[in-house]
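Trainee: Input structure: data-v2.txt, which contains compact mmCIF, C-alpha atoms and all ligand atoms.
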```txt
# COMPACT_ATOMS: atom_id res chain seq x y z
CA MET A 166 -92.18 9.39 -6.35
CA SER A 167 -89.12 10.26 -8.38
CA ASN A 168 -85.91 10.75 -6.44
CA THR A 169 -84.52 12.80 -9.34
CA ALA A 170 -85.85 16.07 -7.98
CA GLN A 171 -84.54 18.38 -10.76
CA TYR A 172 -85.94 16.20 -13.50
CA ASP A 173 -89.01 18.06 -14.74
CA VAL A 174 -91.13 15.33 -16.25
CA GLU A 175 -94.16 17.61 -16.64
CA SER A 176 -92.16 20.04 -18.73
CA ILE A 177 -90.92 17.15 -20.90
CA ARG A 178 -94.48 15.88 -21.31
CA ARG A 179 -95.57 19.29 -22.61
CA ASP A 180 -93.21 18.74 -25.57
CA PHE A 181 -95.06 15.55 -26.66
CA PRO A 182 -98.48 16.51 -28.09
CA ILE A 183 -99.75 12.92 -28.32
CA LEU A 184 -99.40 12.41 -24.56
CA HIS A 185 -102.28 14.84 -24.05
CA THR A 186 -104.75 12.84 -26.11
CA GLN A 187 -107.42 10.51 -24.79
CA VAL A 188 -107.91 6.86 -25.69
CA ARG A 189 -111.35 5.32 -25.17
CA GLY A 190 -112.32 8.32 -23.08
CA LYS A 191 -109.33 7.91 -20.74
CA PRO A 192 -106.07 9.87 -20.63
CA LEU A 193 -103.48 8.02 -22.68
CA VAL A 194 -100.90 6.09 -20.64
CA TYR A 195 -98.31 5.19 -23.24
CA LEU A 196 -96.16 2.29 -22.09
CA ASP A 197 -95.26 0.78 -25.45
CA ASN A 198 -92.05 2.72 -25.92
CA ALA A 199 -89.88 -0.31 -26.67
CA ALA A 200 -91.96 -0.88 -29.81
CA SER A 201 -91.75 2.78 -30.78
CA ALA A 202 -91.45 5.96 -28.72
CA GLN A 203 -93.42 9.16 -29.35
CA ARG A 204 -91.95 12.31 -30.88
CA PRO A 205 -91.56 15.75 -29.28
CA SER A 206 -92.70 18.91 -31.08
CA GLN A 207 -89.03 19.69 -31.71
CA VAL A 208 -88.81 16.65 -34.04
CA ILE A 209 -92.21 17.24 -35.64
CA ASP A 210 -91.30 20.92 -36.21
CA ALA A 211 -87.90 20.06 -37.71
CA VAL A 212 -89.56 17.79 -40.27
CA ARG A 213 -92.33 20.34 -41.00
CA ARG A 214 -89.76 23.16 -41.36
CA LEU A 215 -87.77 21.02 -43.77
CA TYR A 216 -90.74 20.39 -46.04
CA GLU A 217 -92.06 23.95 -45.76
CA SER A 218 -88.87 25.86 -46.47
CA GLN A 219 -85.66 23.84 -46.72
CA TYR A 220 -86.32 20.70 -48.76
CA ALA A 221 -84.52 19.48 -51.87
CA ASN A 222 -82.54 16.34 -52.70
CA VAL A 223 -79.16 16.11 -50.94
CA HIS A 224 -75.62 15.97 -52.34
CA ARG A 225 -76.91 16.60 -55.86
CA GLY A 226 -77.56 20.27 -56.41
CA VAL A 227 -75.68 23.57 -56.44
CA HIS A 228 -78.90 25.46 -55.81
CA HIS A 229 -79.71 26.98 -52.43
CA LEU A 230 -82.27 24.42 -51.23
CA SER A 231 -80.12 21.43 -52.08
CA GLN A 232 -77.22 23.00 -50.23
CA GLU A 233 -79.45 23.73 -47.25
CA SER A 234 -80.88 20.18 -47.12
CA SER A 235 -77.40 18.71 -47.50
CA ARG A 236 -76.11 20.83 -44.65
CA LEU A 237 -78.96 19.76 -42.35
CA TYR A 238 -78.49 16.12 -43.37
CA GLU A 239 -74.77 16.19 -42.58
CA ASP A 240 -75.39 18.14 -39.34
CA ALA A 241 -77.55 15.19 -38.24
CA ARG A 242 -74.64 12.84 -38.92
CA VAL A 243 -72.47 15.04 -36.71
CA ALA A 244 -75.14 14.83 -33.98
CA VAL A 245 -75.24 11.02 -34.22
CA ARG A 246 -71.44 10.86 -34.05
CA GLY A 247 -71.52 12.83 -30.80
CA PHE A 248 -74.41 10.77 -29.47
CA VAL A 249 -72.50 7.47 -29.66
CA HIS A 250 -69.02 9.05 -29.40
CA ALA A 251 -67.72 7.63 -32.67
CA ALA A 252 -64.19 8.67 -33.61
CA CYS A 253 -65.28 10.31 -36.87
CA VAL A 254 -68.45 11.22 -38.78
CA HIS A 255 -67.82 8.88 -41.69
CA GLU A 256 -68.17 5.94 -39.31
CA ILE A 257 -71.89 6.78 -39.14
CA ILE A 258 -73.97 5.16 -41.90
CA PHE A 259 -77.67 5.97 -42.23
CA THR A 260 -79.86 2.92 -42.84
CA ARG A 261 -83.58 2.15 -42.59
CA GLY A 262 -83.18 0.92 -39.00
CA ALA A 263 -81.42 -1.53 -36.70
CA THR A 264 -82.68 -4.42 -38.84
CA GLU A 265 -81.15 -3.10 -42.04
CA SER A 266 -77.90 -2.24 -40.23
CA ILE A 267 -77.50 -5.85 -39.05
CA ASN A 268 -78.34 -7.21 -42.50
CA LEU A 269 -75.74 -4.87 -43.99
CA VAL A 270 -73.03 -6.22 -41.68
CA ALA A 271 -74.14 -9.82 -42.29
CA GLN A 272 -73.94 -9.43 -46.07
CA CYS A 273 -71.00 -7.05 -46.45
CA TYR A 274 -68.76 -7.95 -43.52
CA ALA A 275 -69.57 -11.58 -42.68
CA ARG A 276 -70.57 -13.13 -46.00
CA PRO A 277 -67.30 -12.51 -47.86
CA ARG A 278 -65.28 -13.82 -44.91
CA LEU A 279 -67.21 -16.90 -43.76
CA GLN A 280 -66.60 -20.46 -44.80
CA GLN A 281 -67.69 -23.92 -43.72
CA GLY A 282 -66.59 -24.63 -40.14
CA ASP A 283 -66.67 -20.96 -39.06
CA GLU A 284 -69.02 -19.88 -36.28
CA ILE A 285 -71.09 -16.83 -35.44
CA LEU A 286 -71.99 -16.41 -31.79
CA ILE A 287 -75.26 -14.85 -30.69
CA THR A 288 -77.31 -15.21 -27.50
CA HIS A 289 -80.65 -16.76 -26.56
CA MET A 290 -82.14 -13.32 -25.86
CA GLU A 291 -81.76 -11.83 -29.35
CA HIS A 292 -84.51 -10.08 -31.29
CA HIS A 293 -85.31 -11.86 -34.59
CA SER A 294 -83.39 -9.06 -36.33
CA ASN A 295 -80.23 -10.33 -34.70
CA ILE A 296 -80.95 -14.00 -35.49
CA VAL A 297 -82.37 -14.28 -38.99
CA PRO A 298 -79.69 -12.25 -40.88
CA TRP A 299 -77.07 -14.60 -39.39
CA GLN A 300 -79.09 -17.68 -40.31
CA ILE A 301 -79.26 -16.39 -43.88
CA VAL A 302 -75.52 -15.76 -44.05
CA CYS A 303 -74.83 -19.19 -42.50
CA GLN A 304 -76.99 -20.82 -45.20
CA GLN A 305 -75.09 -18.86 -47.83
CA THR A 306 -71.63 -19.81 -46.55
CA GLY A 307 -71.90 -23.08 -44.61
CA ALA A 308 -70.95 -21.36 -41.33
CA GLU A 309 -72.70 -22.33 -38.09
CA LEU A 310 -74.79 -20.18 -35.77
CA ARG A 311 -74.13 -20.86 -32.09
CA VAL A 312 -76.28 -19.57 -29.24
CA VAL A 313 -75.07 -18.62 -25.76
CA PRO A 314 -77.70 -19.73 -23.19
CA ILE A 315 -79.41 -17.53 -20.59
CA ASN A 316 -80.35 -18.39 -17.01
CA ASP A 317 -83.77 -18.36 -15.33
CA ARG A 318 -83.36 -14.70 -14.38
CA GLY A 319 -82.81 -13.79 -18.02
CA GLU A 320 -79.08 -13.14 -17.70
CA LEU A 321 -76.46 -14.33 -20.10
CA GLU A 322 -74.50 -17.38 -18.93
CA LEU A 323 -71.15 -15.65 -19.17
CA GLU A 324 -69.10 -18.74 -18.34
CA ARG A 325 -70.69 -20.51 -21.28
CA TYR A 326 -69.96 -17.47 -23.46
CA HIS A 327 -66.26 -17.66 -22.59
CA GLU A 328 -66.25 -21.40 -23.31
CA MET A 329 -68.09 -21.06 -26.63
CA LEU A 330 -65.81 -18.29 -27.88
CA SER A 331 -63.27 -20.28 -29.87
CA GLU A 332 -60.79 -20.17 -32.71
CA LYS A 333 -63.76 -20.96 -34.98
CA THR A 334 -65.68 -17.82 -33.95
CA ARG A 335 -65.65 -15.16 -36.67
CA LEU A 336 -68.12 -12.68 -35.16
CA VAL A 337 -70.06 -12.12 -31.95
CA SER A 338 -73.41 -10.34 -32.26
CA VAL A 339 -75.12 -9.45 -29.02
CA VAL A 340 -77.99 -7.32 -27.85
CA HIS A 341 -77.11 -4.48 -25.46
CA VAL A 342 -80.55 -4.35 -23.79
CA SER A 343 -83.04 -7.18 -24.37
CA ASN A 344 -86.40 -6.03 -25.74
CA ALA A 345 -88.23 -9.01 -24.22
CA LEU A 346 -86.58 -9.14 -20.77
CA GLY A 347 -85.01 -5.74 -20.19
CA THR A 348 -81.66 -7.36 -19.34
CA VAL A 349 -78.65 -5.08 -19.77
CA ASN A 350 -75.80 -7.25 -21.00
CA PRO A 351 -72.21 -6.65 -19.86
CA VAL A 352 -71.18 -5.72 -23.37
CA ALA A 353 -67.80 -4.25 -22.38
CA GLU A 354 -66.77 -7.60 -20.90
CA ILE A 355 -68.22 -9.50 -23.88
CA ILE A 356 -66.28 -7.30 -26.32
CA ALA A 357 -63.01 -7.51 -24.37
CA ALA A 358 -63.17 -11.32 -24.29
CA ALA A 359 -63.93 -11.51 -28.03
CA HIS A 360 -61.16 -9.07 -28.90
CA ALA A 361 -58.68 -11.09 -26.83
CA LYS A 362 -59.33 -13.81 -29.41
CA GLY A 363 -59.29 -11.42 -32.37
CA VAL A 364 -63.07 -11.68 -32.88
CA PRO A 365 -65.06 -8.56 -33.83
CA VAL A 366 -68.33 -7.72 -32.08
CA LEU A 367 -71.60 -6.18 -33.26
CA VAL A 368 -73.82 -4.70 -30.56
CA ASP A 369 -77.56 -4.35 -31.17
CA GLY A 370 -78.30 -1.12 -29.34
CA ALA A 371 -81.94 -0.68 -30.45
CA GLN A 372 -83.20 -0.81 -26.85
CA ALA A 373 -80.10 0.72 -25.28
CA VAL A 374 -79.66 4.16 -26.83
CA PRO A 375 -82.97 5.55 -25.50
CA HIS A 376 -82.02 4.56 -21.95
CA LEU A 377 -78.24 4.53 -21.44
CA PRO A 378 -75.34 6.74 -22.48
CA VAL A 379 -73.37 4.83 -25.14
CA ASP A 380 -69.71 5.39 -26.01
CA VAL A 381 -68.68 3.10 -28.85
CA GLN A 382 -65.00 3.98 -28.42
CA LYS A 383 -65.01 3.12 -24.72
CA LEU A 384 -66.93 -0.08 -25.42
CA GLY A 385 -64.56 -0.84 -28.28
CA CYS A 386 -67.30 -2.54 -30.31
CA ASP A 387 -66.70 -2.97 -34.03
CA PHE A 388 -70.30 -2.32 -35.05
CA TYR A 389 -73.19 -0.71 -33.15
CA VAL A 390 -76.73 -0.44 -34.54
CA PHE A 391 -79.94 1.33 -33.56
CA SER A 392 -83.23 2.68 -34.93
CA GLY A 393 -84.41 6.28 -34.90
CA HIS A 394 -88.02 5.60 -33.92
CA LYS A 395 -87.13 4.16 -30.50
CA VAL A 396 -85.12 7.25 -29.60
CA TYR A 397 -87.91 9.78 -30.29
CA GLY A 398 -87.06 10.18 -33.99
CA PRO A 399 -88.91 9.25 -37.18
CA THR A 400 -89.50 5.72 -38.44
CA GLY A 401 -87.61 4.35 -41.43
CA ILE A 402 -84.29 5.71 -40.29
CA GLY A 403 -81.51 4.02 -38.36
CA VAL A 404 -77.80 3.95 -37.83
CA LEU A 405 -74.91 1.63 -38.39
CA TYR A 406 -71.75 2.64 -36.58
CA GLY A 407 -68.71 0.74 -37.82
CA LYS A 408 -65.00 1.11 -37.23
CA GLU A 409 -63.49 2.95 -40.19
CA LYS A 410 -61.01 0.18 -40.98
CA LEU A 411 -63.73 -2.47 -41.24
CA LEU A 412 -66.16 -0.28 -43.19
CA LYS A 413 -63.40 0.58 -45.67
CA GLU A 414 -62.70 -3.10 -46.29
CA MET A 415 -66.36 -3.96 -46.85
CA PRO A 416 -67.98 -3.95 -50.31
CA PRO A 417 -71.08 -1.76 -50.75
CA TYR A 418 -74.47 -3.09 -49.64
CA GLN A 419 -76.44 -1.74 -52.59
CA GLY A 420 -75.53 -0.04 -55.85
CA GLY A 421 -77.07 3.19 -57.08
CA GLY A 422 -76.80 6.96 -57.01
CA ASP A 423 -74.53 8.76 -54.54
CA MET A 424 -72.50 5.65 -53.63
CA ILE A 425 -70.19 6.08 -56.64
CA LEU A 426 -67.33 8.34 -57.65
CA SER A 427 -67.46 7.39 -61.33
CA VAL A 428 -69.39 4.94 -63.49
CA THR A 429 -68.69 3.55 -66.93
CA PHE A 430 -70.14 0.35 -68.39
CA GLU A 431 -66.76 -1.26 -67.81
CA LYS A 432 -66.01 -0.14 -64.28
CA THR A 433 -67.45 1.69 -61.27
CA THR A 434 -65.41 3.37 -58.57
CA TYR A 435 -67.18 3.55 -55.25
CA ASN A 436 -67.59 6.67 -53.18
CA THR A 437 -65.78 7.18 -49.90
CA LEU A 438 -67.33 6.50 -46.49
CA PRO A 439 -70.07 6.93 -45.46
CA TYR A 440 -71.67 7.42 -48.90
CA LYS A 441 -70.47 4.04 -50.20
CA PHE A 442 -73.23 2.51 -48.05
CA GLU A 443 -75.97 5.08 -48.76
CA ALA A 444 -77.16 4.24 -52.27
CA GLY A 445 -80.06 6.19 -53.75
CA THR A 446 -81.93 9.22 -52.48
CA PRO A 447 -81.87 8.73 -48.71
CA ASN A 448 -84.57 9.28 -46.10
CA ILE A 449 -83.77 12.99 -45.88
CA ALA A 450 -86.60 13.94 -43.52
CA GLY A 451 -85.86 10.86 -41.41
CA VAL A 452 -82.23 11.81 -40.99
CA ILE A 453 -83.02 15.44 -40.16
CA GLY A 454 -85.78 14.36 -37.75
CA LEU A 455 -83.35 11.95 -36.09
CA GLY A 456 -80.83 14.77 -35.70
CA ALA A 457 -83.52 16.85 -33.95
CA ALA A 458 -84.43 13.89 -31.71
CA ILE A 459 -80.82 13.43 -30.68
CA ASP A 460 -80.43 17.13 -29.95
CA TYR A 461 -83.54 16.89 -27.77
CA VAL A 462 -82.31 13.82 -25.86
CA GLN A 463 -78.86 15.36 -25.40
CA LYS A 464 -80.42 18.54 -24.01
CA ILE A 465 -82.23 16.60 -21.31
CA GLY A 466 -79.23 14.34 -20.80
CA LEU A 467 -79.13 10.57 -20.93
CA GLY A 468 -77.78 10.45 -17.38
CA SER A 469 -80.93 12.19 -16.08
CA ILE A 470 -83.18 10.13 -18.33
CA ALA A 471 -81.56 6.89 -17.14
CA ALA A 472 -81.97 7.90 -13.48
CA HIS A 473 -85.64 8.81 -13.97
CA GLU A 474 -86.39 5.61 -15.87
CA HIS A 475 -84.54 3.52 -13.30
CA GLY A 476 -86.87 4.96 -10.67
CA LEU A 477 -89.87 4.05 -12.83
CA LEU A 478 -88.56 0.53 -13.37
CA GLU A 479 -87.98 -0.05 -9.65
CA TYR A 480 -91.38 1.36 -8.77
CA ALA A 481 -93.15 -0.71 -11.43
CA THR A 482 -91.32 -3.86 -10.36
CA THR A 483 -92.33 -3.32 -6.73
CA ARG A 484 -95.96 -2.56 -7.61
CA LEU A 485 -96.31 -5.48 -10.01
CA ARG A 486 -94.68 -7.95 -7.61
CA GLN A 487 -97.43 -7.15 -5.11
CA ILE A 488 -100.11 -8.44 -7.51
CA ASP A 489 -101.10 -12.04 -6.76
CA GLY A 490 -100.87 -14.26 -9.80
CA LEU A 491 -98.50 -11.96 -11.70
CA ARG A 492 -95.09 -13.33 -12.69
CA ILE A 493 -92.35 -11.08 -14.01
CA ILE A 494 -90.38 -12.64 -16.88
CA GLY A 495 -86.82 -11.37 -16.71
CA GLU A 496 -85.39 -10.56 -13.29
CA ALA A 497 -81.80 -9.78 -14.23
CA SER A 498 -79.77 -7.78 -11.73
CA GLN A 499 -79.12 -5.15 -14.45
CA LYS A 500 -82.26 -4.08 -16.29
CA ALA A 501 -83.42 -1.08 -18.26
CA GLY A 502 -86.59 0.29 -19.68
CA LEU A 503 -89.24 -2.39 -19.30
CA VAL A 504 -91.12 -5.04 -17.36
CA SER A 505 -92.41 -8.21 -19.06
CA PHE A 506 -95.00 -10.25 -17.21
CA VAL A 507 -97.64 -12.94 -17.41
CA LEU A 508 -100.82 -13.40 -15.36
CA ASP A 509 -102.31 -16.67 -14.14
CA ARG A 510 -105.40 -17.57 -16.20
CA VAL A 511 -105.26 -14.50 -18.47
CA HIS A 512 -103.72 -14.64 -21.93
CA PRO A 513 -101.40 -11.68 -22.61
CA HIS A 514 -103.56 -10.58 -25.57
CA ASP A 515 -106.55 -10.28 -23.23
CA ILE A 516 -104.41 -8.24 -20.84
CA GLY A 517 -103.50 -5.93 -23.73
CA THR A 518 -107.12 -5.49 -24.78
CA LEU A 519 -108.43 -4.86 -21.26
CA LEU A 520 -105.64 -2.42 -20.46
CA ASP A 521 -106.40 -0.59 -23.69
CA ALA A 522 -109.94 -0.06 -22.41
CA GLU A 523 -108.33 1.84 -19.50
CA GLY A 524 -106.25 3.97 -21.87
CA VAL A 525 -103.08 2.00 -21.14
CA ALA A 526 -100.99 1.04 -24.20
CA ILE A 527 -98.64 -1.90 -23.71
CA ARG A 528 -97.34 -4.53 -26.12
CA THR A 529 -98.38 -8.17 -25.87
CA GLY A 530 -97.01 -11.07 -27.88
CA HIS A 531 -93.62 -12.64 -28.48
CA HIS A 532 -91.94 -9.27 -29.11
CA CYS A 533 -90.08 -10.71 -32.13
CA ALA A 534 -88.08 -12.79 -29.67
CA GLN A 535 -89.70 -16.22 -29.95
CA PRO A 536 -86.65 -18.09 -28.56
CA VAL A 537 -87.03 -16.07 -25.33
CA MET A 538 -90.68 -17.17 -25.05
CA GLU A 539 -89.65 -20.78 -25.64
CA ARG A 540 -86.89 -20.47 -22.99
CA PHE A 541 -89.40 -19.27 -20.37
CA LYS A 542 -92.13 -21.67 -21.58
CA VAL A 543 -94.69 -18.93 -22.21
CA PRO A 544 -96.53 -18.31 -25.49
CA ALA A 545 -96.27 -14.55 -25.05
CA THR A 546 -95.82 -11.86 -22.41
CA ALA A 547 -97.34 -8.49 -21.64
CA ARG A 548 -94.69 -5.78 -21.69
CA ALA A 549 -94.80 -2.30 -20.18
CA SER A 550 -91.90 -0.24 -21.49
CA PHE A 551 -90.89 3.19 -20.27
CA ALA A 552 -89.65 6.44 -21.73
CA MET A 553 -88.32 9.72 -20.40
CA TYR A 554 -91.88 11.15 -20.24
CA ASN A 555 -93.55 8.43 -18.17
CA THR A 556 -94.64 9.16 -14.60
CA PHE A 557 -95.05 7.26 -11.36
CA GLU A 558 -98.78 8.00 -11.51
CA GLU A 559 -98.91 6.17 -14.84
CA ILE A 560 -97.38 3.11 -13.18
CA ASP A 561 -100.17 3.32 -10.60
CA VAL A 562 -102.75 3.38 -13.43
CA LEU A 563 -101.05 0.35 -15.00
CA ALA A 564 -101.03 -1.60 -11.72
CA GLU A 565 -104.67 -0.77 -10.99
CA ALA A 566 -105.72 -1.76 -14.53
CA ILE A 567 -103.92 -5.12 -14.12
CA VAL A 568 -105.67 -5.76 -10.80
CA LYS A 569 -109.02 -4.92 -12.44
CA THR A 570 -108.20 -7.33 -15.29
CA MET A 571 -107.35 -10.12 -12.83
CA GLY A 572 -110.65 -9.47 -11.06
CA MET A 573 -112.59 -10.00 -14.29
CA PHE A 574 -110.98 -13.44 -14.77
CA SER A 575 -111.18 -14.69 -11.18
N1 LIG B 1 -88.09 -4.17 -31.31
C1 LIG B 1 -90.11 -4.24 -29.98
O1 LIG B 1 -91.33 -4.04 -29.80
P1 LIG B 1 -86.33 -2.12 -36.17
O2 LIG B 1 -87.59 -2.88 -36.42
O3 LIG B 1 -85.29 -2.34 -37.26
O4 LIG B 1 -86.54 -0.68 -35.88
O5 LIG B 1 -85.71 -2.70 -34.81
C2 LIG B 1 -85.47 -4.08 -34.71
C3 LIG B 1 -84.99 -4.42 -33.34
C4 LIG B 1 -83.71 -4.90 -33.18
N2 LIG B 1 -83.22 -5.19 -31.96
C5 LIG B 1 -83.96 -5.04 -30.85
C6 LIG B 1 -83.35 -5.35 -29.53
C7 LIG B 1 -85.27 -4.57 -30.94
O6 LIG B 1 -85.98 -4.42 -29.83
C8 LIG B 1 -85.81 -4.27 -32.21
C9 LIG B 1 -87.24 -3.82 -32.36
C10 LIG B 1 -89.46 -3.72 -31.24
O7 LIG B 1 -89.43 -4.83 -29.16
C11 LIG B 1 -90.28 -4.01 -32.45
S1 LIG B 1 -90.34 -5.73 -32.83
```
Please lay out the structure from this file as structure tokens.
Ligand code: C6P

Mentor:
Amino acid sequence: MSNTAQYDVESIRRDFPILHTQVRGKPLVYLDNAASAQRPSQVIDAVRRLYESQYANVHRGVHHLSQESSRLYEDARVAVRGFVHAACVHEIIFTRGATESINLVAQCYARPRLQQGDEILITHMEHHSNIVPWQIVCQQTGAELRVVPINDRGELELERYHEMLSEKTRLVSVVHVSNALGTVNPVAEIIAAAHAKGVPVLVDGAQAVPHLPVDVQKLGCDFYVFSGHKVYGPTGIGVLYGKEKLLKEMPPYQGGGDMILSVTFEKTTYNTLPYKFEAGTPNIAGVIGLGAAIDYVQKIGLGSIAAHEHGLLEYATTRLRQIDGLRIIGEASQKAGLVSFVLDRVHPHDIGTLLDAEGVAIRTGHHCAQPVMERFKVPATARASFAMYNTFEEIDVLAEAIVKTMGMFS
């Protein structure tokens, strides 16, 4: 059982209506949080309240509702600033998600700077969102994408990283927590080494912010990205944190309303940060819902959440290791949030389907990290991923459902 005695998981669970539903006649055991977490009533209520009594377009009206929406929208930016400890609010740009944030940096930071012979360094454990935008920008500029290898435990080969970091490197882009392996990368060390060579670093924090406290100033990263829907907020909303100096130097990502100060047919003057990067009517409900999600997470405390989830991860690892024929993919010494595994003789998709029949939701497939599958010579894995509301009893249900599945294939 949990060794975090004060952590009241049952009280947290009461805030998440969907956790009390049944799937196929069984109580839902939701272990697909790395794909998308569920939302507490506080987030659902904030969005409902907005549409029922506070909604209008933002930054465009002198009337009461527009002022009210704008205030709530900017309050959410303040909440995000505090959440990642950015130096100022205008370093927080709202995007559609981690994917769009990385594409923005690839096109607006990297593309104007890269030329033939330059290199971008990523790792073998990246999500496709942190591979493909760099491939596109390399095709556009003639730069080369280089990949730091990982070892059999799913850890970054740090010695190789230090060797590959060279005078040709223009940017390092690295995942904080791997979505396919659960590995927590030593991003502070990675950033320090890059900065010693004058190389900026983007950190993909999509799987980190729900599980670990993040301080972008302490880390010193130049860019940090994440998505709202993995941190108990709405879908279609995400964040790009960037250092003010770099964001100021970058051209806008898209043109349109709100990102300008003045427009004539001859010349447009762009708006200041952060609006320069937020063209068009934004995802107002998404931003306000994300603000509510962050308030909720902050109230419980990421330290307590991390401790609870660490207990779940250790318990799940122990239980799953006891199952004959089960192999865990990703045994890094530092892990967060999830366990990926394969079973002898059972394809991961069959595991997913049979677990679903027991009410257990996990993700199966390549997890948008095909190079990781290729590295471990598996077509796919089954992945159980945890959130602040999961319980030790749910891990027991997972383990028993896996044993039952194995029995059906023996
Ligand atoms: N990973 C998963 O099941 P978006 O789609 O923009 O919200 O997040 C993209 C992304 C970027 N980086 C990492 C490390 C991620 O895990 C993800 C999304 C989900 O693992 C959906 S593929």

Trainee: Enumerate as number ranges by chain the residues within 7 Å of ligand LIG 1 (chain B), counting all atoms listed in the file.

Mentor: A: 199-201, 262-265, 291-292, 294-295, 340, 342-345, 369-372, 392, 394, 532-533

Trainee: Show which residues sit within 7 Å of Arg318 (chain A), as number ranges by chain. Count all atoms listed in the file, and ignore same-chain residues fewer than 2 positions away.

Mentor: A: 316, 320, 495-497

Trainee: Neighbouring residues of Asp180 (chain A) were defined as those with any atom within 8 Å, considering all atoms listed in the file; residues of the same chain fewer than 4 positions away were excluded. Please report them as JSON, numbers by chain.

Mentor: {"A": [176, 205, 206, 207]}

Trainee: What does the structure give for the distance between CA of Val537 (chain A) and CA of Ser550 (chain A), in Å to one decimal?

Mentor: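 Between CA of Val537 (chain A) and CA of Ser550 (chain A) the gap works out to 17.0 Å.
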
Trainee: So, with only C-alpha atoms as the atoms that count, which of A:Tyr461, A:Tyr406, A:Tyr172, A:Tyr418 lies closest to Phe388 (chain A)?

Mentor: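 Closest candidate: A:Tyr406.
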
Trainee: What is the CA of Arg214 (chain A)-CA of Phe248 (chain A) distance in Å, reported with one decimal?

Mentor: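 Going from CA of Arg214 (chain A) over to CA of Phe248 (chain A), I get 23.0 Å.
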
Trainee: Please provide as a list of chain:residue names all residues within 10 Å of Ala444 (chain A), with the sequence filter that same-chain residues fewer than 3 positions apart are discarded (counting only C-alpha atoms).

Mentor: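 Skipping anything fewer than 3 positions along the chain leaves A:Thr260, A:Pro417, A:Tyr418, A:Gln419, A:Gly420, A:Gly421, A:Gly422, A:Asp423, A:Met424, A:Ile425, A:Asn436, A:Tyr440, A:Lys441, A:Pro447.
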